[in-house]
file start_37.pdb (PDB, C-alpha atoms and all ligand atoms)
ATOM      1  CA  MET A   1    -120.199 -14.915 197.060  1.00  0.00           C
ATOM      2  CA  GLN A   2    -120.572 -11.167 196.732  1.00  0.00           C
ATOM      3  CA  ALA A   3    -121.069  -9.581 200.185  1.00  0.00           C
ATOM      4  CA  ASP A   4    -121.052  -6.254 201.985  1.00  0.00           C
ATOM      5  CA  ASN A   5    -119.254  -7.922 204.868  1.00  0.00           C
ATOM      6  CA  LYS A   6    -118.105 -11.419 205.835  1.00  0.00           C
ATOM      7  CA  MET A   7    -116.341 -13.303 208.623  1.00  0.00           C
ATOM      8  CA  VAL A   8    -115.185 -16.813 209.492  1.00  0.00           C
ATOM      9  CA  ILE A   9    -114.448 -18.238 212.927  1.00  0.00           C
ATOM     10  CA  GLU A  10    -113.077 -21.633 213.892  1.00  0.00           C
ATOM     11  CA  PHE A  11    -113.374 -23.207 217.311  1.00  0.00           C
ATOM     12  CA  ASP A  12    -113.155 -26.531 219.143  1.00  0.00           C
ATOM     13  CA  ALA A  13    -116.237 -28.740 218.915  1.00  0.00           C
ATOM     14  CA  VAL A  14    -117.300 -28.464 222.547  1.00  0.00           C
ATOM     15  CA  SER A  15    -120.722 -27.425 223.803  1.00  0.00           C
ATOM     16  CA  GLU A  16    -119.310 -24.392 225.681  1.00  0.00           C
ATOM     17  CA  ASN A  17    -118.571 -22.847 222.300  1.00  0.00           C
ATOM     18  CA  GLU A  18    -122.234 -22.838 221.224  1.00  0.00           C
ATOM     19  CA  SER A  19    -122.883 -19.626 223.144  1.00  0.00           C
ATOM     20  CA  PHE A  20    -119.650 -18.154 221.765  1.00  0.00           C
ATOM     21  CA  ALA A  21    -120.801 -18.836 218.189  1.00  0.00           C
ATOM     22  CA  ARG A  22    -124.222 -17.310 218.893  1.00  0.00           C
ATOM     23  CA  ALA A  23    -122.714 -14.178 220.408  1.00  0.00           C
ATOM     24  CA  ALA A  24    -120.162 -13.831 217.593  1.00  0.00           C
ATOM     25  CA  VAL A  25    -122.783 -14.035 214.837  1.00  0.00           C
ATOM     26  CA  ALA A  26    -125.195 -11.789 216.743  1.00  0.00           C
ATOM     27  CA  SER A  27    -122.593  -9.052 217.124  1.00  0.00           C
ATOM     28  CA  PHE A  28    -121.414  -9.454 213.515  1.00  0.00           C
ATOM     29  CA  ILE A  29    -124.904  -8.805 212.131  1.00  0.00           C
ATOM     30  CA  ALA A  30    -125.684  -6.014 214.637  1.00  0.00           C
ATOM     31  CA  PRO A  31    -125.027  -3.290 211.997  1.00  0.00           C
ATOM     32  CA  LEU A  32    -128.075  -4.626 210.113  1.00  0.00           C
ATOM     33  CA  ASP A  33    -130.255  -3.782 213.110  1.00  0.00           C
ATOM     34  CA  PRO A  34    -132.164  -7.081 213.232  1.00  0.00           C
ATOM     35  CA  THR A  35    -135.354  -7.222 215.292  1.00  0.00           C
ATOM     36  CA  ILE A  36    -135.245  -9.196 218.557  1.00  0.00           C
ATOM     37  CA  GLU A  37    -137.347 -11.852 216.828  1.00  0.00           C
ATOM     38  CA  GLU A  38    -135.010 -12.118 213.819  1.00  0.00           C
ATOM     39  CA  LEU A  39    -132.015 -12.326 216.128  1.00  0.00           C
ATOM     40  CA  THR A  40    -133.622 -15.037 218.252  1.00  0.00           C
ATOM     41  CA  GLU A  41    -134.511 -17.071 215.162  1.00  0.00           C
ATOM     42  CA  ILE A  42    -131.003 -16.814 213.712  1.00  0.00           C
ATOM     43  CA  LYS A  43    -129.351 -17.690 217.028  1.00  0.00           C
ATOM     44  CA  THR A  44    -131.669 -20.668 217.530  1.00  0.00           C
ATOM     45  CA  ALA A  45    -131.022 -22.033 214.021  1.00  0.00           C
ATOM     46  CA  LEU A  46    -127.271 -21.539 214.474  1.00  0.00           C
ATOM     47  CA  SER A  47    -127.338 -23.356 217.834  1.00  0.00           C
ATOM     48  CA  GLU A  48    -129.081 -26.341 216.262  1.00  0.00           C
ATOM     49  CA  ALA A  49    -126.409 -26.601 213.558  1.00  0.00           C
ATOM     50  CA  VAL A  50    -123.488 -26.219 215.979  1.00  0.00           C
ATOM     51  CA  THR A  51    -125.021 -28.729 218.424  1.00  0.00           C
ATOM     52  CA  ASN A  52    -125.407 -31.201 215.564  1.00  0.00           C
ATOM     53  CA  SER A  53    -121.726 -30.881 214.688  1.00  0.00           C
ATOM     54  CA  VAL A  54    -120.692 -31.462 218.318  1.00  0.00           C
ATOM     55  CA  ILE A  55    -123.084 -34.360 218.986  1.00  0.00           C
ATOM     56  CA  HIS A  56    -123.423 -36.114 215.633  1.00  0.00           C
ATOM     57  CA  GLY A  57    -120.436 -34.854 213.635  1.00  0.00           C
ATOM     58  CA  TYR A  58    -117.785 -35.562 216.250  1.00  0.00           C
ATOM     59  CA  GLU A  59    -119.814 -37.618 218.762  1.00  0.00           C
ATOM     60  CA  GLY A  60    -117.918 -36.081 221.663  1.00  0.00           C
ATOM     61  CA  ARG A  61    -114.499 -36.562 220.075  1.00  0.00           C
ATOM     62  CA  ALA A  62    -112.136 -33.661 219.436  1.00  0.00           C
ATOM     63  CA  GLY A  63    -112.732 -31.664 216.291  1.00  0.00           C
ATOM     64  CA  VAL A  64    -113.053 -28.243 214.769  1.00  0.00           C
ATOM     65  CA  ILE A  65    -116.181 -26.341 213.728  1.00  0.00           C
ATOM     66  CA  LYS A  66    -116.044 -23.514 211.236  1.00  0.00           C
ATOM     67  CA  VAL A  67    -118.771 -20.864 211.228  1.00  0.00           C
ATOM     68  CA  GLY A  68    -118.952 -18.298 208.457  1.00  0.00           C
ATOM     69  CA  CYS A  69    -121.355 -15.392 208.203  1.00  0.00           C
ATOM     70  CA  SER A  70    -121.870 -12.831 205.468  1.00  0.00           C
ATOM     71  CA  TYR A  71    -124.496 -10.351 204.431  1.00  0.00           C
ATOM     72  CA  LEU A  72    -125.502  -8.494 201.308  1.00  0.00           C
ATOM     73  CA  GLY A  73    -128.141  -5.871 201.902  1.00  0.00           C
ATOM     74  CA  GLY A  74    -130.460  -7.462 204.441  1.00  0.00           C
ATOM     75  CA  MET A  75    -129.726 -11.006 203.287  1.00  0.00           C
ATOM     76  CA  VAL A  76    -127.762 -12.909 205.936  1.00  0.00           C
ATOM     77  CA  GLU A  77    -125.989 -16.170 205.102  1.00  0.00           C
ATOM     78  CA  ILE A  78    -124.570 -18.461 207.776  1.00  0.00           C
ATOM     79  CA  CYS A  79    -122.447 -21.521 207.151  1.00  0.00           C
ATOM     80  CA  VAL A  80    -121.652 -24.164 209.789  1.00  0.00           C
ATOM     81  CA  GLU A  81    -119.096 -26.801 208.803  1.00  0.00           C
ATOM     82  CA  ASP A  82    -117.592 -29.827 210.531  1.00  0.00           C
ATOM     83  CA  PHE A  83    -115.120 -32.465 209.395  1.00  0.00           C
ATOM     84  CA  GLY A  84    -116.666 -35.362 211.263  1.00  0.00           C
ATOM     85  CA  ALA A  85    -118.910 -38.349 210.576  1.00  0.00           C
ATOM     86  CA  GLY A  86    -121.000 -36.940 207.747  1.00  0.00           C
ATOM     87  CA  ILE A  87    -124.585 -37.932 206.912  1.00  0.00           C
ATOM     88  CA  GLU A  88    -125.418 -40.913 204.728  1.00  0.00           C
ATOM     89  CA  ASN A  89    -128.936 -39.833 203.727  1.00  0.00           C
ATOM     90  CA  VAL A  90    -129.456 -36.065 203.977  1.00  0.00           C
ATOM     91  CA  GLU A  91    -133.092 -36.148 202.804  1.00  0.00           C
ATOM     92  CA  LYS A  92    -134.004 -38.627 205.529  1.00  0.00           C
ATOM     93  CA  ALA A  93    -131.993 -36.735 208.173  1.00  0.00           C
ATOM     94  CA  LYS A  94    -133.970 -33.566 207.383  1.00  0.00           C
ATOM     95  CA  GLU A  95    -137.352 -35.224 207.956  1.00  0.00           C
ATOM     96  CA  PRO A  96    -139.155 -33.977 211.079  1.00  0.00           C
ATOM     97  CA  LEU A  97    -138.715 -36.369 214.039  1.00  0.00           C
ATOM     98  CA  PHE A  98    -135.905 -38.348 212.391  1.00  0.00           C
ATOM     99  CA  THR A  99    -133.030 -38.890 214.796  1.00  0.00           C
ATOM    100  CA  SER A 100    -130.182 -41.389 214.833  1.00  0.00           C
ATOM    101  CA  LYS A 101    -129.886 -40.929 218.612  1.00  0.00           C
ATOM    102  CA  PRO A 102    -133.359 -41.586 220.086  1.00  0.00           C
ATOM    103  CA  GLU A 103    -131.730 -43.048 223.209  1.00  0.00           C
ATOM    104  CA  GLN A 104    -130.167 -39.646 223.984  1.00  0.00           C
ATOM    105  CA  GLU A 105    -133.568 -37.945 224.206  1.00  0.00           C
ATOM    106  CA  ARG A 106    -133.016 -36.217 220.844  1.00  0.00           C
ATOM    107  CA  SER A 107    -136.269 -35.217 219.218  1.00  0.00           C
ATOM    108  CA  GLY A 108    -135.116 -35.095 215.600  1.00  0.00           C
ATOM    109  CA  MET A 109    -136.287 -31.512 215.186  1.00  0.00           C
ATOM    110  CA  GLY A 110    -133.013 -29.626 214.624  1.00  0.00           C
ATOM    111  CA  PHE A 111    -133.186 -29.391 210.823  1.00  0.00           C
ATOM    112  CA  THR A 112    -136.920 -28.627 211.038  1.00  0.00           C
ATOM    113  CA  VAL A 113    -136.196 -25.709 213.389  1.00  0.00           C
ATOM    114  CA  MET A 114    -133.517 -24.426 210.976  1.00  0.00           C
ATOM    115  CA  GLU A 115    -135.982 -24.706 208.092  1.00  0.00           C
ATOM    116  CA  ILE A 116    -138.749 -22.850 209.968  1.00  0.00           C
ATOM    117  CA  PHE A 117    -136.572 -20.014 211.284  1.00  0.00           C
ATOM    118  CA  MET A 118    -134.501 -19.424 208.161  1.00  0.00           C
ATOM    119  CA  ASP A 119    -135.641 -18.776 204.579  1.00  0.00           C
ATOM    120  CA  LYS A 120    -133.244 -21.220 202.999  1.00  0.00           C
ATOM    121  CA  LEU A 121    -131.429 -24.350 204.193  1.00  0.00           C
ATOM    122  CA  THR A 122    -128.883 -26.350 202.225  1.00  0.00           C
ATOM    123  CA  VAL A 123    -127.099 -29.396 203.660  1.00  0.00           C
ATOM    124  CA  GLU A 124    -124.026 -30.790 201.950  1.00  0.00           C
ATOM    125  CA  SER A 125    -122.523 -33.898 203.497  1.00  0.00           C
ATOM    126  CA  VAL A 126    -120.157 -36.707 202.634  1.00  0.00           C
ATOM    127  CA  LYS A 127    -120.105 -39.781 204.847  1.00  0.00           C
ATOM    128  CA  GLY A 128    -116.782 -39.933 206.703  1.00  0.00           C
ATOM    129  CA  GLU A 129    -115.745 -36.447 205.590  1.00  0.00           C
ATOM    130  CA  GLY A 130    -118.096 -34.002 207.206  1.00  0.00           C
ATOM    131  CA  THR A 131    -121.131 -31.774 206.912  1.00  0.00           C
ATOM    132  CA  LYS A 132    -121.752 -28.235 205.734  1.00  0.00           C
ATOM    133  CA  VAL A 133    -125.008 -26.477 206.585  1.00  0.00           C
ATOM    134  CA  ILE A 134    -125.754 -23.248 204.733  1.00  0.00           C
ATOM    135  CA  MET A 135    -128.656 -21.106 205.909  1.00  0.00           C
ATOM    136  CA  ALA A 136    -129.948 -17.776 204.680  1.00  0.00           C
ATOM    137  CA  LYS A 137    -132.469 -15.289 205.985  1.00  0.00           C
ATOM    138  CA  GLN A 138    -133.768 -12.028 204.588  1.00  0.00           C
ATOM    139  CA  LEU A 139    -134.109  -9.403 207.331  1.00  0.00           C
ATOM    140  CA  GLY A 140    -136.697  -6.666 207.425  1.00  0.00           C
ATOM    141  CA  ARG A 141    -139.665  -8.424 205.886  1.00  0.00           C
TER
HETATM  142  N1  LIG B 201    -123.272 -32.389 211.576  1.00  0.00           N
HETATM  143  C1  LIG B 201    -123.798 -33.628 211.496  1.00  0.00           C
HETATM  144  N2  LIG B 201    -122.980 -34.689 211.326  1.00  0.00           N
HETATM  145  C2  LIG B 201    -123.487 -35.960 211.251  1.00  0.00           C
HETATM  146  N3  LIG B 201    -124.809 -36.248 211.318  1.00  0.00           N
HETATM  147  C3  LIG B 201    -125.670 -35.224 211.474  1.00  0.00           C
HETATM  148  C4  LIG B 201    -125.221 -33.857 211.577  1.00  0.00           C
HETATM  149  N4  LIG B 201    -126.309 -33.068 211.719  1.00  0.00           N
HETATM  150  C5  LIG B 201    -127.368 -33.885 211.709  1.00  0.00           C
HETATM  151  N5  LIG B 201    -127.005 -35.176 211.568  1.00  0.00           N
HETATM  152  C6  LIG B 201    -127.929 -36.351 211.469  1.00  0.00           C
HETATM  153  O1  LIG B 201    -129.233 -35.868 211.151  1.00  0.00           O
HETATM  154  C7  LIG B 201    -130.163 -36.296 212.141  1.00  0.00           C
HETATM  155  C8  LIG B 201    -131.254 -35.246 212.302  1.00  0.00           C
HETATM  156  O2  LIG B 201    -130.709 -34.042 212.861  1.00  0.00           O
HETATM  157  P1  LIG B 201    -131.678 -33.109 213.710  1.00  0.00           P
HETATM  158  O3  LIG B 201    -130.896 -31.962 214.248  1.00  0.00           O
HETATM  159  O4  LIG B 201    -132.879 -32.785 212.877  1.00  0.00           O
HETATM  160  O5  LIG B 201    -132.183 -34.051 214.904  1.00  0.00           O
HETATM  161  P2  LIG B 201    -131.365 -34.542 216.196  1.00  0.00           P
HETATM  162  O6  LIG B 201    -130.103 -33.773 216.330  1.00  0.00           O
HETATM  163  O7  LIG B 201    -131.251 -36.011 216.134  1.00  0.00           O
HETATM  164  O8  LIG B 201    -132.371 -34.144 217.377  1.00  0.00           O
HETATM  165  P3  LIG B 201    -132.577 -32.648 217.980  1.00  0.00           P
HETATM  166  O9  LIG B 201    -131.882 -31.677 217.076  1.00  0.00           O
HETATM  167  O10 LIG B 201    -134.054 -32.433 217.991  1.00  0.00           O
HETATM  168  O11 LIG B 201    -131.964 -32.708 219.342  1.00  0.00           O
HETATM  169  C9  LIG B 201    -129.347 -36.566 213.383  1.00  0.00           C
HETATM  170  O12 LIG B 201    -129.977 -37.489 214.258  1.00  0.00           O
HETATM  171  C10 LIG B 201    -128.049 -37.125 212.778  1.00  0.00           C
HETATM  172  O13 LIG B 201    -128.206 -38.492 212.444  1.00  0.00           O
HETATM  173 MG    MG B 202    -130.043 -31.705 216.205  1.00  0.00          MG
END
call {"tool": "encode", "arguments": {"input": "start_37.pdb", "output": "structure tokens", "more": "lines below"}}
Ligand SMILES: Nc1ncnc2c1ncn2[C@@H]1O[C@H](COP(=O)(O)OP(=O)(O)OP(=O)(O)O)[C@@H](O)[C@H]1O
Ligand SMILES: [Mg+2]
result
Amino acid sequence: MQADNKMVIEFDAVSENESFARAAVASFIAPLDPTIEELTEIKTALSEAVTNSVIHGYEGRAGVIKVGCSYLGGMVEICVEDFGAGIENVEKAKEPLFTSKPEQERSGMGFTVMEIFMDKLTVESVKGEGTKVIMAKQLGR
């Protein structure tokens, strides 16, 4: 993709790294001067995707998460990828309140939060191979 600037980071799939990913993306897009609200929305959506990779992708097992971020003008694109369990039915997984882990007090709202806070959400997943979540948001609207 054409971009003014882009970066990729890779880290272990542990919950401690959620705040690292948030801080890394926040500082990467700082030159765009996002509003506090835009920044909060992006960080929240990113957290949901990273948490999903830790909890559902790897289910607590060791693994790697790749986060990419790029921007072109005020359009920010964020990609969160894992190489874990994958999702059998993406359409169903994206439905509000759907969760495969109701016993772990999951509310099934992660994808819905990503959809509300970002302008675009694409989920690519292959069962047994992994999941790639691509989100985009136009700043300054
Ligand atoms: N990276 C992933 N790898 C495998 N399965 C996933 C992944 N992300 C999401 N899923 C599946 O999609 C379902 C819905 O995800 P979503 O984030 O909307 O809800 P949740 O994680 O179950 O609950 P919440 O996010 O509210 O805590 C999950 O329950 C899981 O089955
Ligand atoms: Mg979730």
call {"tool": "residues_near_ligand", "arguments": {"input": "start_37.pdb", "ligand": "ligand MG 202 (chain B)", "cutoff": "9 Å", "atoms": "only C-alpha atoms and all ligand atoms", "output": "count of residues only"}}
result
16
call {"tool": "residues_around", "arguments": {"input": "start_37.pdb", "residues": "segment 75-83 of chain A", "least_positions_apart": "6", "cutoff": "6 Å", "atoms": "all atoms listed in the file", "output": "PyMOL selection string"}}
result
chain A and resi 53+65-69+129-138
call {"tool": "closest_residue", "arguments": {"input": "start_37.pdb", "among": "A:Leu72, A:Val126, A:Val25, A:Ile36", "to": "Gln2 of chain A", "atoms": "only C-alpha atoms"}}
result
A:Leu72
call {"tool": "axis_aligned_box", "arguments": {"input": "start_37.pdb", "around": "ligand LIG 201 (chain B)", "padding_each_side": "4 Å", "output": "lines of an AutoDock Vina configuration file"}}
result
center_x = -128.5
center_y = -35.1
center_z = 215.2
size_x = 19.1
size_y = 14.8
size_z = 16.2
call {"tool": "atom_distance", "arguments": {"input": "start_37.pdb", "atom1": "atom CA of Gly86 of chain A", "atom2": "atom CA of Gly60 of chain A"}}
result
14.3 Å
call {"tool": "resolve_selection", "arguments": {"input": "start_37.pdb", "expression": "the PyMOL selection byres (((chain A and resi 74) around 12) and not hetatm)", "output": "list in words"}}
result
Ala3, Asp4, Asn5, Ile29, Ala30, Pro31, Leu32, Asp33, Pro34, Thr35, Glu38, Ser70, Tyr71, Leu72, Gly73, Met75, Val76, Glu77, Ala136, Lys137, Gln138, Leu139, Gly140 and Arg141 of chain A
call {"tool": "closest_residue", "arguments": {"input": "start_37.pdb", "among": "A:Thr122, A:Glu103, A:Gly84, A:Glu115", "to": "ligand LIG 201 (chain B)", "atoms": "all atoms listed in the file"}}
result
A:Gly84
call {"tool": "closest_residue", "arguments": {"input": "start_37.pdb", "among": "A:Glu124, A:Ala93, A:Met7, A:Gln104", "to": "ligand LIG 201 (chain B)", "atoms": "all atoms listed in the file"}}
result
A:Ala93
call {"tool": "atom_distance", "arguments": {"input": "start_37.pdb", "atom1": "atom CA of Glu59 of chain A", "atom2": "atom CA of Ser125 of chain A"}}
result
15.9 Å
call {"tool": "resolve_selection", "arguments": {"input": "start_37.pdb", "expression": "the PyMOL selection byres (((chain A and resi 41) around 10) and not hetatm)", "output": "PyMOL selection string"}}
result
chain A and resi 35-40+42-47+113-114+116-118+137
call {"tool": "atom_distance", "arguments": {"input": "start_37.pdb", "atom1": "atom CA of Val90 of chain A", "atom2": "atom O10 of ligand LIG 201 (chain B)"}}
result
15.2 Å
call {"tool": "resolve_selection", "arguments": {"input": "start_37.pdb", "expression": "the PyMOL selection byres (((chain A and resi 13) around 6) and not hetatm)", "output": "PDB file with C-alpha atoms, in the coordinates of the input"}}
result
ATOM      1  CA  ASP A  12    -113.155 -26.531 219.143  1.00  0.00           C
ATOM      2  CA  VAL A  14    -117.300 -28.464 222.547  1.00  0.00           C
ATOM      3  CA  VAL A  54    -120.692 -31.462 218.318  1.00  0.00           C
ATOM      4  CA  GLY A  63    -112.732 -31.664 216.291  1.00  0.00           C
ATOM      5  CA  VAL A  64    -113.053 -28.243 214.769  1.00  0.00           C
ATOM      6  CA  ILE A  65    -116.181 -26.341 213.728  1.00  0.00           C
TER       7      ILE A  65
END
call {"tool": "closest_residue", "arguments": {"input": "start_37.pdb", "among": "A:Ile9, A:Ala24, A:Ile87, A:Ala62", "to": "ligand LIG 201 (chain B)", "atoms": "all atoms listed in the file"}}
result
A:Ile87
